[in-house]
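Below: one structure, written as structure tokens.
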Amino acid sequence: MIWLIGAKGMLASEINTLLTQNSIQWIGTDIEVDITDKNALEEFYEEAFQNKKCEWIINCAAYTAVDKAEDNSSMAQKLNADSLINIAELVKRVGAKLIHFSTDYVFAGNSTVPYIEADKTDPQSIYGKTKLEGELNIINNLHEHYIIRTAWLYGKAGPNFVSTMLRLMNEKDEIKVVNDQIGTPTYAVDLAKAVIKIITSDNKKYGIYHYSNEGTISWYDFACEIYKQGKELDLIKNDCRVLPCDSSQFHQKAKRPSFSLLNKEKIKQTFDLLIPDWKESLSCYLKELI
Ligand SMILES: NC(=O)c1ccc[n+]([C@@H]2O[C@H](COP(=O)([O-])OP(=O)(O)OC[C@H]3O[C@@H](n4cnc5c(N)ncnc54)[C@H](OP(=O)(O)O)[C@@H]3O)[C@@H](O)[C@H]2O)c1
């Protein structure tokens with residue numbers, strides 16, 4: 001039996017669909033079982049897992065509003081960092097294993113080669129700092145963990161870059177998108193498939209892993225492809241010019257990494273994973289919207 005925490009979020013919605021499709025039993029909780037409240041977690045566990053063994057806890061709950069975190073650091077700290085002590089201790093006590101998600105924002109974003117898991121962290125935002133502290137709280141309290149750092153996540157169950165672009169491209173004649181931040185998008189369905197692969201594998205190589213789709217692009221490249229495919233699928237009815245711009249033209253509270261590429265060799269080799277190219281995954285996502 002699996003306990004999926006943050007079950008209504010963008011990534012968790014895809015994980016719960018795949019768990020069901022794979023006939024894997026799971027229970028989901030979201031904000032009603034507050035992960036910042038140790039007692040609430042313990043009480044839910046005692047009630048829900050009385051007669052069932054909890055094999056895995058998958059934690060998708062997080063404070064994900066990157067800019068708001070700059071003003072609301074105490075909430076981000078509680079949710080992204082402190083609550084991971086509660087979760088790790090619970091997982092350890094009940095003899096389960098943990099899958100948790102982190103971010104490319106733990107890095108400074110000034111590398112020239114894709115980040116490997118062991119690279120030096122140096123977060124530049126409150127979100128990145130609190131997510132890194134969450135990783136450390138897991139590592140220091142629980143051996144049986146998989147921490148998956150991902151980036152540029154999009155999926156059906158949440159506002160994301162692709163849904164925002166589709167809306168803006170339908171509303172405006174011209175939009176500007178930054179072309180000096182490089183990374184790779186991650187389709188939530190693909191990451192959810194990797195999660196299923198991990199929980200159905202006998203491999204116990206615990207630790208940190210990186211996951212995104214394949215490819216190297218800027219947000220501008222991503223927007224251009226969304227426009228191209230969105231037009232072909234008639235999801236965009238309007239004519240809109242997509243123009244490149246510099247990050248300095250956009251004021252955002254939290255500093256974004258200019259280089260977000262994650263090296264995925266470790267997860268591919270350990271779990272024998274084939275990761276789709278970002279364009280192919282974008283096409284799958286857009287076709288789901290028709
Ligand atoms: N989104 C990205 O681009 C991105 C990139 C890299 C890494 N990640 C990481 O990937 C993971 C999943 O991200 P996501 O975008 O799918 O997240 P999400 O859509 O924001 O989902 C998080 C879920 O957790 C719930 N939640 C909030 N506070 C809670 C609490 N105190 N107790 C229990 N549940 C609570 C949220 O409820 P409410 O909606 O009601 O608050 C929401 O349903 C996170 O760890 C995130 O840091 C995301």
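If you're wondering about the labels, chains in the structure tokens are A, B, ... by order shown, residues count from 1 in each chain, ligands from 1 in order shown.
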
Checklist line | Expected answer as a ChimeraX atom specification: residues within 8 Å of ligand 1, only C-alpha atoms and all ligand atoms | finding: /A:5-13,29-37,59-65,79-80,100-105,131,149-154,157-158,160,188

Next item on the list: Return as a count of residues only the full set of residues in segment 20-236 of chain A whose backbone-based DSSP assignment is strand (DSSP E or B).
Entry: 41

Item checked: Selected residue, from A:Leu262, A:Ala40, A:Val177, A:Ala48, that lies nearest to Ala118 of chain A when counting only C-alpha atoms ->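 Of the candidates, the smallest distance to Ala118 of chain A is held by A:Leu262.
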
Next item on the list: Excluding segment 278-285 of chain A and residues on its chain fewer than 4 positions from it, collect all residues at most 10 Å away from it, counting only C-alpha atoms, and give them as a list in words.
Entry: Tyr154, Gly155, Lys156, Val162, Thr184, Pro185, Thr186, Tyr187, Ala188, Val189, Asp190, Ser212, Asn213, Glu214, Gly215, Thr216, Ile217, Phe222, Glu225, Ile226, Gln229, Gly230, Leu233, Leu289 and Ile290 of chain A

Item checked: Coordinates-based distance that separates atom CA of Lys68 of chain A from atom CA of Ile182 of chain A (Å, one decimal) -> 22.6 Å

Notebook entry, point to check: Can you tell me, as an NGL selection string, what residues are no more than 8 Å from segment 242-245 of chain A when counting only C-alpha atoms, ignoring any on the same chain fewer than 2 positions away?
Noted result: :A and (174-180 or 220 or 223-224 or 240 or 247 or 249)

Notebook entry, point to check: Which polymer residues have any atom within 7 Å of an atom of segment 252-260 of chain A, counting only C-alpha atoms, with same-chain residues fewer than 5 positions away left out, as an MDAnalysis selection string?
Noted result: chainID A and resid 66:67 70 104:105 108:111 124:125 180:183

Keeping N, CA and C atoms for every residue in the selection just given, could you write it to a file as a compact mmCIF listing (two decimals), in the first residue's frame?
```txt
# COMPACT_ATOMS: atom_id res chain seq x y z
N VAL A 66 7.22 30.01 -6.20
CA VAL A 66 8.63 30.42 -6.08
C VAL A 66 8.78 31.90 -5.70
N ASP A 67 8.00 32.78 -6.33
CA ASP A 67 8.14 34.21 -6.01
C ASP A 67 7.52 34.55 -4.66
N GLU A 70 9.58 34.27 -1.45
CA GLU A 70 10.51 35.33 -1.04
C GLU A 70 9.90 36.18 0.07
N ASP A 104 15.85 21.82 -9.48
CA ASP A 104 17.10 22.38 -10.01
C ASP A 104 17.47 23.68 -9.28
N TYR A 105 16.51 24.29 -8.58
CA TYR A 105 16.80 25.55 -7.86
C TYR A 105 17.76 25.36 -6.69
N ALA A 108 23.18 26.89 -8.21
CA ALA A 108 23.31 28.32 -8.51
C ALA A 108 22.86 28.64 -9.92
N GLY A 109 22.94 27.66 -10.82
CA GLY A 109 22.50 27.90 -12.20
C GLY A 109 23.54 28.57 -13.06
N ASN A 110 24.82 28.43 -12.67
CA ASN A 110 25.88 29.07 -13.48
C ASN A 110 26.85 28.04 -14.06
N SER A 111 26.40 26.79 -14.15
CA SER A 111 27.25 25.75 -14.73
C SER A 111 27.24 25.86 -16.26
N GLN A 124 19.81 30.05 -4.82
CA GLN A 124 19.82 31.51 -4.90
C GLN A 124 18.47 32.12 -4.49
N SER A 125 17.52 31.30 -4.10
CA SER A 125 16.18 31.80 -3.74
C SER A 125 15.72 31.10 -2.46
N ASP A 180 17.38 33.59 -22.28
CA ASP A 180 18.69 33.43 -21.64
C ASP A 180 18.63 32.52 -20.41
N GLN A 181 17.57 31.72 -20.31
CA GLN A 181 17.51 30.68 -19.27
C GLN A 181 17.35 29.34 -19.99
N ILE A 182 18.31 28.45 -19.73
CA ILE A 182 18.39 27.19 -20.47
C ILE A 182 18.03 26.02 -19.56
N GLY A 183 17.26 25.08 -20.10
CA GLY A 183 16.91 23.89 -19.30
C GLY A 183 16.20 22.87 -20.17
```

Notebook entry, point to check: Do you know which residues are at most 12 Å from Ile199 of chain A counting only C-alpha atoms, after dropping those on the same chain fewer than 5 positions away, and could you put them as a PyMOL selection string?
Noted result: chain A and resi 1-2+15+18-19+22+24+55-58+96-99+145-146+192-194+204-206+271

Next item on the list: Looking only at alpha helix (DSSP H) from DSSP on the backbone, list the matching residues of segment 42-115 of chain A as a PyMOL selection string.
Entry: chain A and resi 42-48+68-71+73-76+83-94

Margin query: Between atom CA of Leu261 of chain A and atom CA of Ile138 of chain A, what distance in Å does the model show, to one decimal?
Written below: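 Between these atoms lies a distance of 23.7 Å.
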
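Across the structure, atom CA of Met75 of chain A and atom CA of Thr130 of chain A are spaced 9.9 Å apart.
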
Check: Got a sec: who's within 12 Å of Lys172 of chain A, counting only C-alpha atoms, leaving out chain neighbours fewer than 3 positions off, as a list of chain:residue names?
Finding: A:Thr164, A:Met165, A:Leu166, A:Arg167, A:Leu168, A:Met169, A:Ile175, A:Lys176, A:Ile236, A:Lys237, A:Asn238, A:Asp239, A:Cys240, A:Arg241, A:Val242

Next item on the list: Find the residue from A:Ser248, A:Lys228, A:Ile267, A:Thr20 that sits nearest to Ile198 of chain A; use only C-alpha atoms when measuring.
Entry: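 Answer, going by the shortest atom-to-atom distance: A:Ile267.
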
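Proximity of A:Lys266, A:Arg93, A:Lys78, A:Lys197 to Ile116 of chain A, computed with only C-alpha atoms, is greatest for A:Lys266.
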